[in-house]
Amino acid sequence: MQIDVFTLLPHAFGWLTEQRPLAAVLGRELDLRLFSYRDTTPLRAGQVDDEPYGGGAGMVLRVDVVATALDAVYGSVPEHRVVALTPQGRQLDQALVEELAAEERLTLLSARFEGFDERIVSHLASDAISIGPYVLSGGELPAMVLIDAVARRLPGALGSEQSGRVESFSEELGGGLEYPQYTRPAEYGGWRVPDVLLSGDHGRIDEWRREQSRTRSAA
Ligand SMILES: C[S@@+](CC[C@H](N)C(=O)[O-])C[C@H]1O[C@@H](n2cnc3c(N)ncnc32)[C@H](O)[C@@H]1O
């Protein structure tokens with residue numbers, strides 16, 4: 001899979017690319033490319049945004065700047081999905097993550113300040129996606145959230161095949177929440193791990209976990 005990110009802050013992605021699971025799939029299942037709008041802007045002095053028509057605070061990312069950036073990389077508006085990251089978009093959930101992970105190519109458009117000139121969302125992007133009903137200062141964190149969620153669905157991303165198959169929102173748990181997890185010590189300050197998990201009876205453990213998952217998901 002290839003993911004291209006257009007941003008004003010390509011260096012912000014350095015941290016993400018060093019972490020698993022992304023690091024495990026980079027250069028194999030995932031090719032991640034970062035592009036700065038400033039490198040291709042047709043405006044002088046690296047300008048990429050402008051004041052909003054009609055007045056108001058902040059600066060708006062220009063449509064000509066984004067169109068030129070897409071042209072420079074693809075020759076035109078690409079045929080694959082181009083996602084504008086915006087709090088006004090379709091909310092990201094696991095079903096959408098699975099859908100995006102099945103794509104061969106994906107382009108993410110990130111903005112800052114007041115956001116996109118609306119023509120970017122309506123004419124250059126195919127999708128508008130939000131990572132939640134709150135406003136962040138820029139699209140870099142949303143892009144990283146989306147990339148991380150997609151990357152862990154790619155083959156080889158997770159150490160064990162089990163982790164990722166049975167986790168919150170997975171088909172295996174009927175789209176519900178994962179059961180509680182415990183590790184050593186078996187008792188800490190009077191807080192005991194449920195006896196069933198220490199029983200060694202994998203049938204009972206599986207049953208208990210599914211019941212816990214159902215209870216949590218219904219709450
Ligand atoms: C300060 S926000 C702009 C908010 C915009 N003026 C509004 O009220 O809808 C700047 C940029 O951060 C990104 N962003 C902020 N919150 C986001 C969210 N919840 N999901 C996805 N992108 C977000 C988008 O790229 C957005 O254009």
# chains A, B, ... in the order shown; residues from 1 in each chain; ligands from 1
$ residues_around --residues "Tyr182 of chain A" --least-positions-apart "2" --cutoff "10 Å" --atoms "only C-alpha atoms" --output "list of chain:residue names"
A:Tyr179, A:Pro180, A:Arg184, A:Pro185, A:Ala186, A:Arg192, A:Val193, A:Pro194, A:Leu197
$ write_last_selection --atoms "N, CA and C atoms" --output "JSON list (two decimals), in the first residue's frame"
[["chain", "number", "residue", "atom", "x", "y", "z"],
["A", 179, "TYR", "N", -12.01, -7.88, 26.22],
["A", 179, "TYR", "CA", -12.12, -8.29, 27.63],
["A", 179, "TYR", "C", -10.95, -7.68, 28.42],
["A", 180, "PRO", "N", -11.05, -7.65, 29.78],
["A", 180, "PRO", "CA", -9.94, -7.11, 30.57],
["A", 180, "PRO", "C", -8.71, -8.00, 30.49],
["A", 184, "ARG", "N", 1.31, -10.36, 35.66],
["A", 184, "ARG", "CA", 1.88, -10.52, 36.99],
["A", 184, "ARG", "C", 2.04, -9.17, 37.70],
["A", 185, "PRO", "N", 1.94, -9.06, 38.99],
["A", 185, "PRO", "CA", 1.72, -10.16, 39.93],
["A", 185, "PRO", "C", 0.24, -10.56, 40.00],
["A", 186, "ALA", "N", 0.00, -11.79, 40.45],
["A", 186, "ALA", "CA", -1.36, -12.30, 40.55],
["A", 186, "ALA", "C", -2.15, -11.56, 41.64],
["A", 192, "ARG", "N", -6.75, -8.91, 43.37],
["A", 192, "ARG", "CA", -6.43, -10.22, 42.79],
["A", 192, "ARG", "C", -6.86, -10.32, 41.35],
["A", 193, "VAL", "N", -6.07, -11.02, 40.58],
["A", 193, "VAL", "CA", -6.44, -11.36, 39.21],
["A", 193, "VAL", "C", -7.57, -12.39, 39.29],
["A", 194, "PRO", "N", -8.60, -12.31, 38.47],
["A", 194, "PRO", "CA", -9.69, -13.32, 38.52],
["A", 194, "PRO", "C", -9.14, -14.75, 38.46],
["A", 197, "LEU", "N", -8.46, -16.93, 35.25],
["A", 197, "LEU", "CA", -7.30, -16.70, 34.38],
["A", 197, "LEU", "C", -6.06, -17.46, 34.85]]
$ residues_around --residues "segment 116-123 of chain A" --least-positions-apart "5" --cutoff "7 Å" --atoms "only C-alpha atoms" --output "NGL selection string"
:A and (60-63 or 84 or 111 or 128)
$ closest_residue --among "A:Val97, A:Leu158, A:Val145, A:Ala23" --to "ligand 1" --atoms "only C-alpha atoms and all ligand atoms"
A:Val145
$ residues_near_ligand --ligand "ligand 1" --cutoff "7 Å" --atoms "only C-alpha atoms and all ligand atoms" --output "list of chain:residue names"
A:Ala84, A:Leu85, A:Thr86, A:Pro87, A:Gln88, A:Ser110, A:Ala111, A:Arg112, A:Phe113, A:Glu114, A:Gly115, A:Phe116, A:Ile129, A:Ser130, A:Ile131, A:Gly132, A:Pro133, A:Tyr134, A:Val135, A:Leu136, A:Ser137, A:Gly138, A:Gly139, A:Pro142
$ residues_around --residues "Thr215 of chain A" --least-positions-apart "5" --cutoff "10 Å" --atoms "only C-alpha atoms" --output "PDB file with N, CA, C and O atoms, in the first residue's frame"
ATOM      1  N   GLY A 176     -17.342  -5.677  19.286  1.00  0.00           N
ATOM      2  CA  GLY A 176     -17.419  -5.156  20.659  1.00  0.00           C
ATOM      3  C   GLY A 176     -16.050  -4.829  21.242  1.00  0.00           C
ATOM      4  O   GLY A 176     -15.033  -4.844  20.542  1.00  0.00           O
ATOM      5  N   LEU A 177     -16.051  -4.563  22.548  1.00  0.00           N
ATOM      6  CA  LEU A 177     -14.815  -4.182  23.237  1.00  0.00           C
ATOM      7  C   LEU A 177     -14.060  -5.415  23.723  1.00  0.00           C
ATOM      8  O   LEU A 177     -14.673  -6.449  24.017  1.00  0.00           O
ATOM      9  N   TYR A 179     -12.009  -7.880  26.219  1.00  0.00           N
ATOM     10  CA  TYR A 179     -12.117  -8.291  27.626  1.00  0.00           C
ATOM     11  C   TYR A 179     -10.954  -7.683  28.420  1.00  0.00           C
ATOM     12  O   TYR A 179      -9.953  -7.261  27.844  1.00  0.00           O
ATOM     13  N   ARG A 209     -13.766 -14.646  28.917  1.00  0.00           N
ATOM     14  CA  ARG A 209     -13.370 -13.459  28.161  1.00  0.00           C
ATOM     15  C   ARG A 209     -14.497 -12.977  27.250  1.00  0.00           C
ATOM     16  O   ARG A 209     -14.756 -11.777  27.150  1.00  0.00           O
ATOM     17  N   ARG A 210     -15.166 -13.915  26.608  1.00  0.00           N
ATOM     18  CA  ARG A 210     -16.268 -13.520  25.705  1.00  0.00           C
ATOM     19  C   ARG A 210     -17.407 -12.887  26.491  1.00  0.00           C
ATOM     20  O   ARG A 210     -18.016 -11.911  26.049  1.00  0.00           O
TER      21      ARG A 210
END
$ closest_residue --among "A:Arg153, A:Arg44, A:Met144, A:Val77" --to "Thr17 of chain A" --atoms "only C-alpha atoms"
A:Met144
$ select_by_dssp --residues "segment 101-134 of chain A" --states "helix (DSSP H, G or I)" --output "ChimeraX atom specification"
/A:101,118-124
$ write_last_selection --atoms "all heavy atoms" --output "CSV table (one decimal), in the first residue's frame"
chain,number,residue,atom,x,y,z
A,101,ALA,N,-7.7,0.4,4.6
A,101,ALA,CA,-6.6,-0.5,4.6
A,101,ALA,C,-6.6,-1.5,3.4
A,101,ALA,O,-5.6,-2.0,3.0
A,101,ALA,CB,-6.5,-1.4,5.9
A,118,GLU,N,-13.0,25.6,0.6
A,118,GLU,CA,-14.0,24.5,0.4
A,118,GLU,C,-13.8,23.8,-0.9
A,118,GLU,O,-14.2,22.6,-1.1
A,118,GLU,CB,-15.4,25.1,0.5
A,118,GLU,CG,-16.5,24.1,0.7
A,118,GLU,CD,-16.3,23.1,1.8
A,118,GLU,OE1,-15.7,23.5,2.9
A,118,GLU,OE2,-16.9,22.0,1.7
A,119,ARG,N,-13.3,24.5,-2.0
A,119,ARG,CA,-13.1,23.8,-3.3
A,119,ARG,C,-12.1,22.7,-3.2
A,119,ARG,O,-12.2,21.8,-4.1
A,119,ARG,CB,-12.7,24.9,-4.3
A,119,ARG,CG,-13.8,25.9,-4.6
A,119,ARG,CD,-13.3,27.1,-5.4
A,119,ARG,NE,-12.5,27.9,-4.5
A,119,ARG,CZ,-12.0,29.1,-4.9
A,119,ARG,NH1,-12.2,29.6,-6.1
A,119,ARG,NH2,-11.2,29.8,-4.1
A,120,ILE,N,-11.2,22.7,-2.3
A,120,ILE,CA,-10.3,21.5,-2.1
A,120,ILE,C,-11.1,20.3,-1.7
A,120,ILE,O,-10.9,19.2,-2.3
A,120,ILE,CB,-9.2,21.8,-1.0
A,120,ILE,CG1,-8.4,23.0,-1.5
A,120,ILE,CG2,-8.4,20.6,-0.7
A,120,ILE,CD1,-7.5,23.6,-0.4
A,121,VAL,N,-12.0,20.5,-0.7
A,121,VAL,CA,-12.8,19.4,-0.2
A,121,VAL,C,-13.8,18.9,-1.3
A,121,VAL,O,-14.0,17.7,-1.5
A,121,VAL,CB,-13.5,19.8,1.1
A,121,VAL,CG1,-14.3,18.6,1.6
A,121,VAL,CG2,-12.6,20.3,2.1
A,122,SER,N,-14.4,19.8,-2.0
A,122,SER,CA,-15.4,19.4,-2.9
A,122,SER,C,-14.9,19.0,-4.3
A,122,SER,O,-15.6,18.2,-5.0
A,122,SER,CB,-16.5,20.5,-3.1
A,122,SER,OG,-15.9,21.7,-3.3
A,123,HIS,N,-13.7,19.5,-4.7
A,123,HIS,CA,-13.3,19.1,-6.1
A,123,HIS,C,-12.0,18.3,-6.2
A,123,HIS,O,-11.8,17.6,-7.1
A,123,HIS,CB,-13.1,20.4,-6.9
A,123,HIS,CG,-14.4,21.2,-7.1
A,123,HIS,ND1,-15.4,20.7,-7.9
A,123,HIS,CD2,-14.8,22.4,-6.6
A,123,HIS,CE1,-16.4,21.6,-7.8
A,123,HIS,NE2,-16.1,22.6,-7.1
A,124,LEU,N,-11.1,18.5,-5.2
A,124,LEU,CA,-9.8,17.8,-5.2
A,124,LEU,C,-9.8,16.5,-4.4
A,124,LEU,O,-9.2,15.5,-4.7
A,124,LEU,CB,-8.7,18.7,-4.8
A,124,LEU,CG,-8.5,20.0,-5.6
A,124,LEU,CD1,-7.3,20.8,-5.0
A,124,LEU,CD2,-8.2,19.6,-7.1
$ residues_around --residues "Leu16 of chain A" --least-positions-apart "2" --cutoff "10 Å" --atoms "only C-alpha atoms" --output "list in words"
Ala12, Phe13, Gly14, Glu18, Gln19, Arg20, Pro21, Leu22, Ala23, Leu141, Met144, Val145, Ile147 and Asp148 of chain A
$ atom_distance --atom1 "atom CA of Arg165 of chain A" --atom2 "atom CA of Arg81 of chain A"
25.9 Å
$ residues_around --residues "Ala218 of chain A" --least-positions-apart "3" --cutoff "12 Å" --atoms "only C-alpha atoms" --output "CSV table (one decimal) with all heavy atoms, in the first residue's frame"
chain,number,residue,atom,x,y,z
A,174,GLY,N,-17.3,-9.6,17.6
A,174,GLY,CA,-18.5,-9.1,17.2
A,174,GLY,C,-18.6,-7.6,17.1
A,174,GLY,O,-19.6,-7.0,17.2
A,175,GLY,N,-17.4,-7.0,16.9
A,175,GLY,CA,-17.3,-5.5,16.8
A,175,GLY,C,-17.4,-4.9,18.2
A,175,GLY,O,-17.4,-3.6,18.3
A,176,GLY,N,-17.3,-5.7,19.3
A,176,GLY,CA,-17.4,-5.2,20.7
A,176,GLY,C,-16.1,-4.8,21.2
A,176,GLY,O,-15.0,-4.8,20.5
A,177,LEU,N,-16.1,-4.6,22.5
A,177,LEU,CA,-14.8,-4.2,23.2
A,177,LEU,C,-14.1,-5.4,23.7
A,177,LEU,O,-14.7,-6.4,24.0
A,177,LEU,CB,-15.1,-3.3,24.4
A,177,LEU,CG,-15.9,-2.0,24.1
A,177,LEU,CD1,-16.2,-1.2,25.4
A,177,LEU,CD2,-15.1,-1.1,23.1
A,178,GLU,N,-12.8,-5.3,23.8
A,178,GLU,CA,-11.9,-6.4,24.3
A,178,GLU,C,-12.2,-6.6,25.8
A,178,GLU,O,-12.6,-5.7,26.5
A,178,GLU,CB,-10.5,-6.1,24.1
A,178,GLU,CG,-9.6,-7.3,24.2
A,178,GLU,CD,-8.1,-7.0,24.1
A,178,GLU,OE1,-7.6,-6.1,24.9
A,178,GLU,OE2,-7.5,-7.5,23.2
A,211,GLU,N,-17.7,-13.4,27.7
A,211,GLU,CA,-18.7,-12.9,28.5
A,211,GLU,C,-18.4,-11.5,29.0
A,211,GLU,O,-19.2,-10.5,28.9
A,211,GLU,CB,-18.9,-13.8,29.7
A,211,GLU,CG,-20.0,-13.4,30.7
A,211,GLU,CD,-21.4,-13.1,30.0
A,211,GLU,OE1,-21.7,-13.9,29.0
A,211,GLU,OE2,-22.1,-12.2,30.4
A,212,GLN,N,-17.1,-11.3,29.4
A,212,GLN,CA,-16.6,-10.0,29.8
A,212,GLN,C,-16.7,-9.0,28.6
A,212,GLN,O,-17.1,-7.8,28.8
A,212,GLN,CB,-15.2,-10.0,30.2
A,212,GLN,CG,-15.0,-10.8,31.5
A,212,GLN,CD,-15.4,-10.0,32.7
A,212,GLN,OE1,-15.2,-8.8,32.8
A,212,GLN,NE2,-16.1,-10.6,33.6
A,213,SER,N,-16.4,-9.4,27.4
A,213,SER,CA,-16.4,-8.6,26.3
A,213,SER,C,-17.9,-8.1,26.0
A,213,SER,O,-18.2,-7.0,25.7
A,213,SER,CB,-15.8,-9.3,25.0
A,213,SER,OG,-16.2,-8.6,23.9
A,214,ARG,N,-18.8,-9.1,26.1
A,214,ARG,CA,-20.2,-8.8,25.8
A,214,ARG,C,-20.7,-7.8,26.9
A,214,ARG,O,-21.4,-6.8,26.5
A,214,ARG,CB,-21.1,-10.1,25.9
A,214,ARG,CG,-21.1,-10.9,24.6
A,214,ARG,CD,-22.2,-11.9,24.7
A,214,ARG,NE,-21.9,-13.0,25.6
A,214,ARG,CZ,-21.1,-14.1,25.3
A,214,ARG,NH1,-20.6,-14.2,24.1
A,214,ARG,NH2,-20.9,-15.0,26.2
A,215,THR,N,-20.3,-8.0,28.2
A,215,THR,CA,-20.8,-7.1,29.2
A,215,THR,C,-20.3,-5.7,29.0
A,215,THR,O,-21.0,-4.7,29.1
A,215,THR,CB,-20.3,-7.6,30.6
A,215,THR,OG1,-20.7,-9.0,30.7
A,215,THR,CG2,-20.9,-6.9,31.8
$ decode --residues "segment 70-86 of chain A" --atoms "N, CA, C and O atoms" --output "compact mmCIF listing (two decimals), in the first residue's frame"
# COMPACT_ATOMS: atom_id res chain seq x y z
N LEU A 70 -0.76 18.40 -6.02
CA LEU A 70 -1.24 17.11 -6.56
C LEU A 70 -0.73 16.90 -7.98
O LEU A 70 -0.30 15.81 -8.36
N ASP A 71 -0.77 17.98 -8.77
CA ASP A 71 -0.26 17.92 -10.16
C ASP A 71 1.21 17.51 -10.19
O ASP A 71 1.61 16.70 -11.03
N ALA A 72 1.99 18.09 -9.27
CA ALA A 72 3.44 17.83 -9.27
C ALA A 72 3.72 16.36 -9.00
O ALA A 72 4.67 15.79 -9.53
N VAL A 73 2.89 15.73 -8.19
CA VAL A 73 3.15 14.33 -7.82
C VAL A 73 2.45 13.36 -8.77
O VAL A 73 3.03 12.35 -9.17
N TYR A 74 1.20 13.68 -9.19
CA TYR A 74 0.41 12.71 -9.96
C TYR A 74 0.15 13.14 -11.41
O TYR A 74 -0.39 12.36 -12.18
N GLY A 75 0.43 14.41 -11.74
CA GLY A 75 0.13 14.89 -13.09
C GLY A 75 -1.28 15.43 -13.21
O GLY A 75 -1.59 16.14 -14.16
N SER A 76 -2.16 15.10 -12.25
CA SER A 76 -3.53 15.61 -12.24
C SER A 76 -4.16 15.18 -10.91
O SER A 76 -3.46 14.66 -10.05
N VAL A 77 -5.47 15.34 -10.79
CA VAL A 77 -6.12 14.83 -9.58
C VAL A 77 -6.10 13.31 -9.67
O VAL A 77 -6.54 12.75 -10.67
N PRO A 78 -5.56 12.62 -8.67
CA PRO A 78 -5.42 11.17 -8.78
C PRO A 78 -6.77 10.43 -8.82
O PRO A 78 -7.78 10.95 -8.35
N GLU A 79 -6.73 9.23 -9.38
CA GLU A 79 -7.96 8.42 -9.45
C GLU A 79 -8.24 7.72 -8.13
O GLU A 79 -9.37 7.36 -7.86
N HIS A 80 -7.18 7.49 -7.34
CA HIS A 80 -7.39 6.81 -6.05
C HIS A 80 -7.98 7.80 -5.02
O HIS A 80 -8.12 8.99 -5.31
N ARG A 81 -8.29 7.28 -3.83
CA ARG A 81 -8.97 8.12 -2.83
C ARG A 81 -8.05 9.21 -2.29
O ARG A 81 -6.90 8.94 -1.92
N VAL A 82 -8.58 10.40 -2.28
CA VAL A 82 -7.86 11.56 -1.73
C VAL A 82 -8.69 12.05 -0.53
O VAL A 82 -9.83 12.47 -0.70
N VAL A 83 -8.10 11.94 0.64
CA VAL A 83 -8.83 12.22 1.88
C VAL A 83 -8.44 13.59 2.42
O VAL A 83 -7.27 13.83 2.73
N ALA A 84 -9.42 14.48 2.55
CA ALA A 84 -9.19 15.74 3.24
C ALA A 84 -9.47 15.50 4.72
O ALA A 84 -10.55 15.04 5.08
N LEU A 85 -8.49 15.78 5.57
CA LEU A 85 -8.68 15.60 7.01
C LEU A 85 -9.31 16.86 7.57
O LEU A 85 -8.73 17.94 7.50
N THR A 86 -10.51 16.73 8.08
CA THR A 86 -11.27 17.89 8.56
C THR A 86 -12.24 17.45 9.65
O THR A 86 -12.81 16.36 9.56
